[in-house]
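Below is one structure, written out as structure tokens; comments come after it.
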Amino acid sequence: MTARRGFRQGLRKRFREWVNRRIPAARSVTLDQRRIFIFPSRTGLFFTICLIVMLMTAINYQNNMSYALTFLLCTLFVVAILHTYANLSGLTIRAVRATPVFPGQQSEFSIQIERGGEREHFALHVQWPDSSSGMVNLVDQDAVQVQLRVTARKRGWFSPGRLLLESTYPLGLLRCWTWVDLDLYAMVYPRPLPTDELPGFATDQPDGAAVPSVGSDDFYGFREYRHGDSLRQLYWKGLARGQGLQTKQYGAYASRSVWLDWEMFPGAGVEQRLSYLCHWVLQFEKRNEEYGLRLPGLVIEAGVGERHRDRVLQALALYGVEGRSRET
């Protein structure tokens with residue numbers, strides 16, 4: 001049993017390597033004879049067996065009508081091969097986008113299927129391993145987008161594997177298919193793990209602290225006169241009282257800027273820290289509060305908004321994971 005299992009695994013490995021060489025990964029793939037496989041379906045195998053039996057019967061009885069019917073059905077089978085192959089030939093499959101998710105959620109992978117000419121294509125079945133499936137017909141339109149959902153398991157870049165595109169049109173006697181490796185990946189963020197409170201968070205300014213600001217109308221305080229200060233900002237009343245020459249300062253009040261730091265959770269493991277930080281990123285984004293992130297070897301300045309949130313979450317998702325520069 002062990003030797004048989006090893007033999008099967010070896011065959012599968014060689015077959016995958018052969019497919020990888022024949023159909024390499026790409027953002028867009030156009031199907032031709034090198035990328036299309038065709039073989040009789042179960043119905044087609046039964047049909048072939050029936051043809052063999054009919055031929056043997058015709059030979060045995062030397063019946064011309066049996067010969068004619070057998071050869072007519074053989075011709076039909078050959079024509080079905082051409083039409084089944086043509087139903088996939090010339091199609092272009094493009095990677096569009098993949099939605100970011102958290103572990104355990106389903107990411108939506110969008111692909112586009114285009115026809116290369118005016119030929120119509122029917123009953124195209126498309127599916128990734130362990131994904132939902134779709135059925136496509138290209139009749140009145142040149143291209144169609146298909147959305148397939150796949151469950152992501154762990155953080156980082158998630159690849160759904162090779163895309164299966166197949167068809168048994170028109171007679172169901174043959175199965176024509178291809179395995180396309182689209183260069184399409186989904187971003188999987190760390191799983192949010194709530195905590196009761198954020199221990200010892202750091203801020204740039206205390207909540208409500210005043211900072212000098214040019215062009216503000218809020219009075220901040222006085223300081224000693226410096227050469228070049230505007231005459232409008234001089235405190236003349238203080239000078240008249242013998243307090244010396246002073247300059248008025250105006251400022252704005254700083255809102256709290258929170259720093260989410262790797263060292264906030266001592267004793268926690270890597271995945272646990274990332275989950276805690278992910279939870280607080282979502283919390284501060286929900287409150288519309290400004291926050292930044294400090295990881296070993298990476299600092300993201302404080303900010304707010306969806307783009308800032310996605311940047312921070314991506315940094316958490318790719319921490320310690322190879323392939324940080326890959327684009328979705």
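Numbering starts fresh at 1 for the residues of each chain in the structure tokens, the chains themselves are lettered A, B, ... in the order given, and ligands are numbered from 1 as they appear.
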
(request) Please provide as a ChimeraX atom specification all residues within 10 Å of Leu313 of chain A, with the sequence filter that same-chain residues fewer than 3 positions apart are discarded (counting only C-alpha atoms). (result) /A:100,187-190,274,277-279,281-282,293,307-310,316-319

(message) What's around Gly303 of chain A at 10 Å? Count only C-alpha atoms, leave out sequence neighbours fewer than 6 positions away in its own chain, and write the answer as a PyMOL selection string.
(response) chain A and resi 257-258+285+288-293+309+312

(request) Would you please give, as a PyMOL selection string, all residues of segment 28-272 of chain A that DSSP assigns to strand (DSSP E) based on the backbone? (result) chain A and resi 28-30+37-40+92-98+106-114+121-127+133-138+143-151+156-158+163-167+174-180+186-188+202-203+210-212+219-224+246-253+257-261

Would you list the contacts of Thr178 of chain A as a PDB file with N, CA and C atoms, in the first residue's frame, taking every protein, DNA or RNA residue within 12 Å and counting only C-alpha atoms, but skipping same-chain residues closer than 4 positions in sequence?
```pdb
ATOM      1  N   VAL A  19       2.055  20.248 -16.269  1.00  0.00           N
ATOM      2  CA  VAL A  19       1.032  21.272 -16.472  1.00  0.00           C
ATOM      3  C   VAL A  19       1.603  22.660 -16.216  1.00  0.00           C
ATOM      4  N   ARG A  22       3.519  23.655 -19.218  1.00  0.00           N
ATOM      5  CA  ARG A  22       2.661  23.841 -20.392  1.00  0.00           C
ATOM      6  C   ARG A  22       1.762  25.069 -20.259  1.00  0.00           C
ATOM      7  N   ILE A  23       1.243  25.314 -19.036  1.00  0.00           N
ATOM      8  CA  ILE A  23       0.369  26.474 -18.801  1.00  0.00           C
ATOM      9  C   ILE A  23       0.926  27.240 -17.604  1.00  0.00           C
ATOM     10  N   VAL A  29      -4.687  34.648 -20.003  1.00  0.00           N
ATOM     11  CA  VAL A  29      -4.357  33.440 -20.754  1.00  0.00           C
ATOM     12  C   VAL A  29      -5.351  33.290 -21.905  1.00  0.00           C
ATOM     13  N   THR A  30      -4.827  33.100 -23.123  1.00  0.00           N
ATOM     14  CA  THR A  30      -5.656  32.804 -24.293  1.00  0.00           C
ATOM     15  C   THR A  30      -5.528  31.329 -24.620  1.00  0.00           C
ATOM     16  N   LEU A  31      -6.664  30.662 -24.752  1.00  0.00           N
ATOM     17  CA  LEU A  31      -6.672  29.215 -24.927  1.00  0.00           C
ATOM     18  C   LEU A  31      -6.379  28.833 -26.375  1.00  0.00           C
ATOM     19  N   ASP A  32      -5.395  27.945 -26.541  1.00  0.00           N
ATOM     20  CA  ASP A  32      -5.074  27.368 -27.840  1.00  0.00           C
ATOM     21  C   ASP A  32      -4.875  25.873 -27.656  1.00  0.00           C
ATOM     22  N   GLN A  33      -4.342  25.201 -28.679  1.00  0.00           N
ATOM     23  CA  GLN A  33      -4.237  23.743 -28.625  1.00  0.00           C
ATOM     24  C   GLN A  33      -3.268  23.265 -27.546  1.00  0.00           C
ATOM     25  N   ARG A  34      -2.317  24.106 -27.125  1.00  0.00           N
ATOM     26  CA  ARG A  34      -1.391  23.704 -26.065  1.00  0.00           C
ATOM     27  C   ARG A  34      -2.036  23.769 -24.684  1.00  0.00           C
ATOM     28  N   ARG A  35      -3.091  24.530 -24.551  1.00  0.00           N
ATOM     29  CA  ARG A  35      -3.698  24.746 -23.240  1.00  0.00           C
ATOM     30  C   ARG A  35      -5.064  24.056 -23.097  1.00  0.00           C
ATOM     31  N   ILE A  36      -5.473  23.319 -24.093  1.00  0.00           N
ATOM     32  CA  ILE A  36      -6.792  22.669 -24.055  1.00  0.00           C
ATOM     33  C   ILE A  36      -6.608  21.155 -24.094  1.00  0.00           C
ATOM     34  N   PHE A  37      -7.350  20.475 -23.243  1.00  0.00           N
ATOM     35  CA  PHE A  37      -7.352  19.011 -23.201  1.00  0.00           C
ATOM     36  C   PHE A  37      -8.761  18.519 -23.550  1.00  0.00           C
ATOM     37  N   ILE A  38      -8.826  17.375 -24.242  1.00  0.00           N
ATOM     38  CA  ILE A  38     -10.128  16.832 -24.640  1.00  0.00           C
ATOM     39  C   ILE A  38     -10.090  15.317 -24.544  1.00  0.00           C
ATOM     40  N   PHE A  39     -11.167  14.769 -24.004  1.00  0.00           N
ATOM     41  CA  PHE A  39     -11.252  13.322 -23.800  1.00  0.00           C
ATOM     42  C   PHE A  39     -12.732  12.942 -23.751  1.00  0.00           C
ATOM     43  N   TYR A  85     -14.105  21.112 -29.065  1.00  0.00           N
ATOM     44  CA  TYR A  85     -12.825  21.834 -28.968  1.00  0.00           C
ATOM     45  C   TYR A  85     -13.002  23.305 -29.316  1.00  0.00           C
ATOM     46  N   LEU A  88     -14.089  26.007 -26.656  1.00  0.00           N
ATOM     47  CA  LEU A  88     -13.122  26.602 -25.729  1.00  0.00           C
ATOM     48  C   LEU A  88     -12.016  27.366 -26.451  1.00  0.00           C
ATOM     49  N   SER A  89     -11.718  26.964 -27.660  1.00  0.00           N
ATOM     50  CA  SER A  89     -10.599  27.568 -28.384  1.00  0.00           C
ATOM     51  C   SER A  89     -10.828  29.058 -28.633  1.00  0.00           C
ATOM     52  N   LEU A  91     -10.798  31.500 -26.420  1.00  0.00           N
ATOM     53  CA  LEU A  91     -11.240  32.250 -25.248  1.00  0.00           C
ATOM     54  C   LEU A  91     -10.041  32.843 -24.507  1.00  0.00           C
ATOM     55  N   THR A  92     -10.218  34.031 -23.946  1.00  0.00           N
ATOM     56  CA  THR A  92      -9.201  34.683 -23.125  1.00  0.00           C
ATOM     57  C   THR A  92      -9.741  34.841 -21.704  1.00  0.00           C
ATOM     58  N   ILE A  93      -8.973  34.386 -20.731  1.00  0.00           N
ATOM     59  CA  ILE A  93      -9.362  34.469 -19.325  1.00  0.00           C
ATOM     60  C   ILE A  93      -8.437  35.465 -18.646  1.00  0.00           C
ATOM     61  N   LEU A 124     -20.186  27.046 -20.587  1.00  0.00           N
ATOM     62  CA  LEU A 124     -18.824  27.021 -20.058  1.00  0.00           C
ATOM     63  C   LEU A 124     -18.897  26.951 -18.540  1.00  0.00           C
ATOM     64  N   HIS A 125     -18.410  25.884 -17.988  1.00  0.00           N
ATOM     65  CA  HIS A 125     -18.420  25.687 -16.538  1.00  0.00           C
ATOM     66  C   HIS A 125     -17.067  26.112 -15.981  1.00  0.00           C
ATOM     67  N   VAL A 126     -17.060  27.007 -14.993  1.00  0.00           N
ATOM     68  CA  VAL A 126     -15.824  27.540 -14.432  1.00  0.00           C
ATOM     69  C   VAL A 126     -15.843  27.380 -12.917  1.00  0.00           C
ATOM     70  N   GLN A 127     -14.695  26.974 -12.353  1.00  0.00           N
ATOM     71  CA  GLN A 127     -14.642  26.706 -10.916  1.00  0.00           C
ATOM     72  C   GLN A 127     -13.191  26.583 -10.452  1.00  0.00           C
ATOM     73  N   TRP A 128     -12.927  27.108  -9.228  1.00  0.00           N
ATOM     74  CA  TRP A 128     -11.668  26.841  -8.550  1.00  0.00           C
ATOM     75  C   TRP A 128     -11.861  25.657  -7.605  1.00  0.00           C
ATOM     76  N   ARG A 162      -5.396  26.407  -9.360  1.00  0.00           N
ATOM     77  CA  ARG A 162      -5.661  26.483 -10.803  1.00  0.00           C
ATOM     78  C   ARG A 162      -7.162  26.520 -11.070  1.00  0.00           C
ATOM     79  N   LEU A 163      -7.530  27.380 -11.996  1.00  0.00           N
ATOM     80  CA  LEU A 163      -8.929  27.536 -12.387  1.00  0.00           C
ATOM     81  C   LEU A 163      -9.301  26.483 -13.420  1.00  0.00           C
ATOM     82  N   LEU A 164     -10.411  25.804 -13.176  1.00  0.00           N
ATOM     83  CA  LEU A 164     -10.910  24.801 -14.125  1.00  0.00           C
ATOM     84  C   LEU A 164     -11.982  25.425 -15.004  1.00  0.00           C
ATOM     85  N   LEU A 165     -11.773  25.379 -16.320  1.00  0.00           N
ATOM     86  CA  LEU A 165     -12.766  25.809 -17.298  1.00  0.00           C
ATOM     87  C   LEU A 165     -13.044  24.619 -18.201  1.00  0.00           C
ATOM     88  N   GLU A 166     -14.297  24.162 -18.249  1.00  0.00           N
ATOM     89  CA  GLU A 166     -14.611  22.966 -19.016  1.00  0.00           C
ATOM     90  C   GLU A 166     -15.969  23.097 -19.699  1.00  0.00           C
ATOM     91  N   SER A 167     -16.198  22.212 -20.676  1.00  0.00           N
ATOM     92  CA  SER A 167     -17.455  22.194 -21.401  1.00  0.00           C
ATOM     93  C   SER A 167     -17.639  20.825 -22.055  1.00  0.00           C
TER      94      SER A 167
END
```

(request) Grab the atom CA of Phe77 of chain A to atom CA of Val180 of chain A distance for me, in Å with one decimal place. (result) 27.2 Å

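Between atom CA of Thr70 of chain A and atom CA of Met56 of chain A there is a distance of 9.9 Å.
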
(request) Name the closest residue to Arg294 of chain A among the candidates A:Leu51, A:Val101, A:Trp259, A:Thr57; distances are taken between atoms, counting only C-alpha atoms. (result)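 Comparing A:Leu51, A:Val101, A:Trp259, A:Thr57 against Arg294 of chain A, the winner is A:Trp259.
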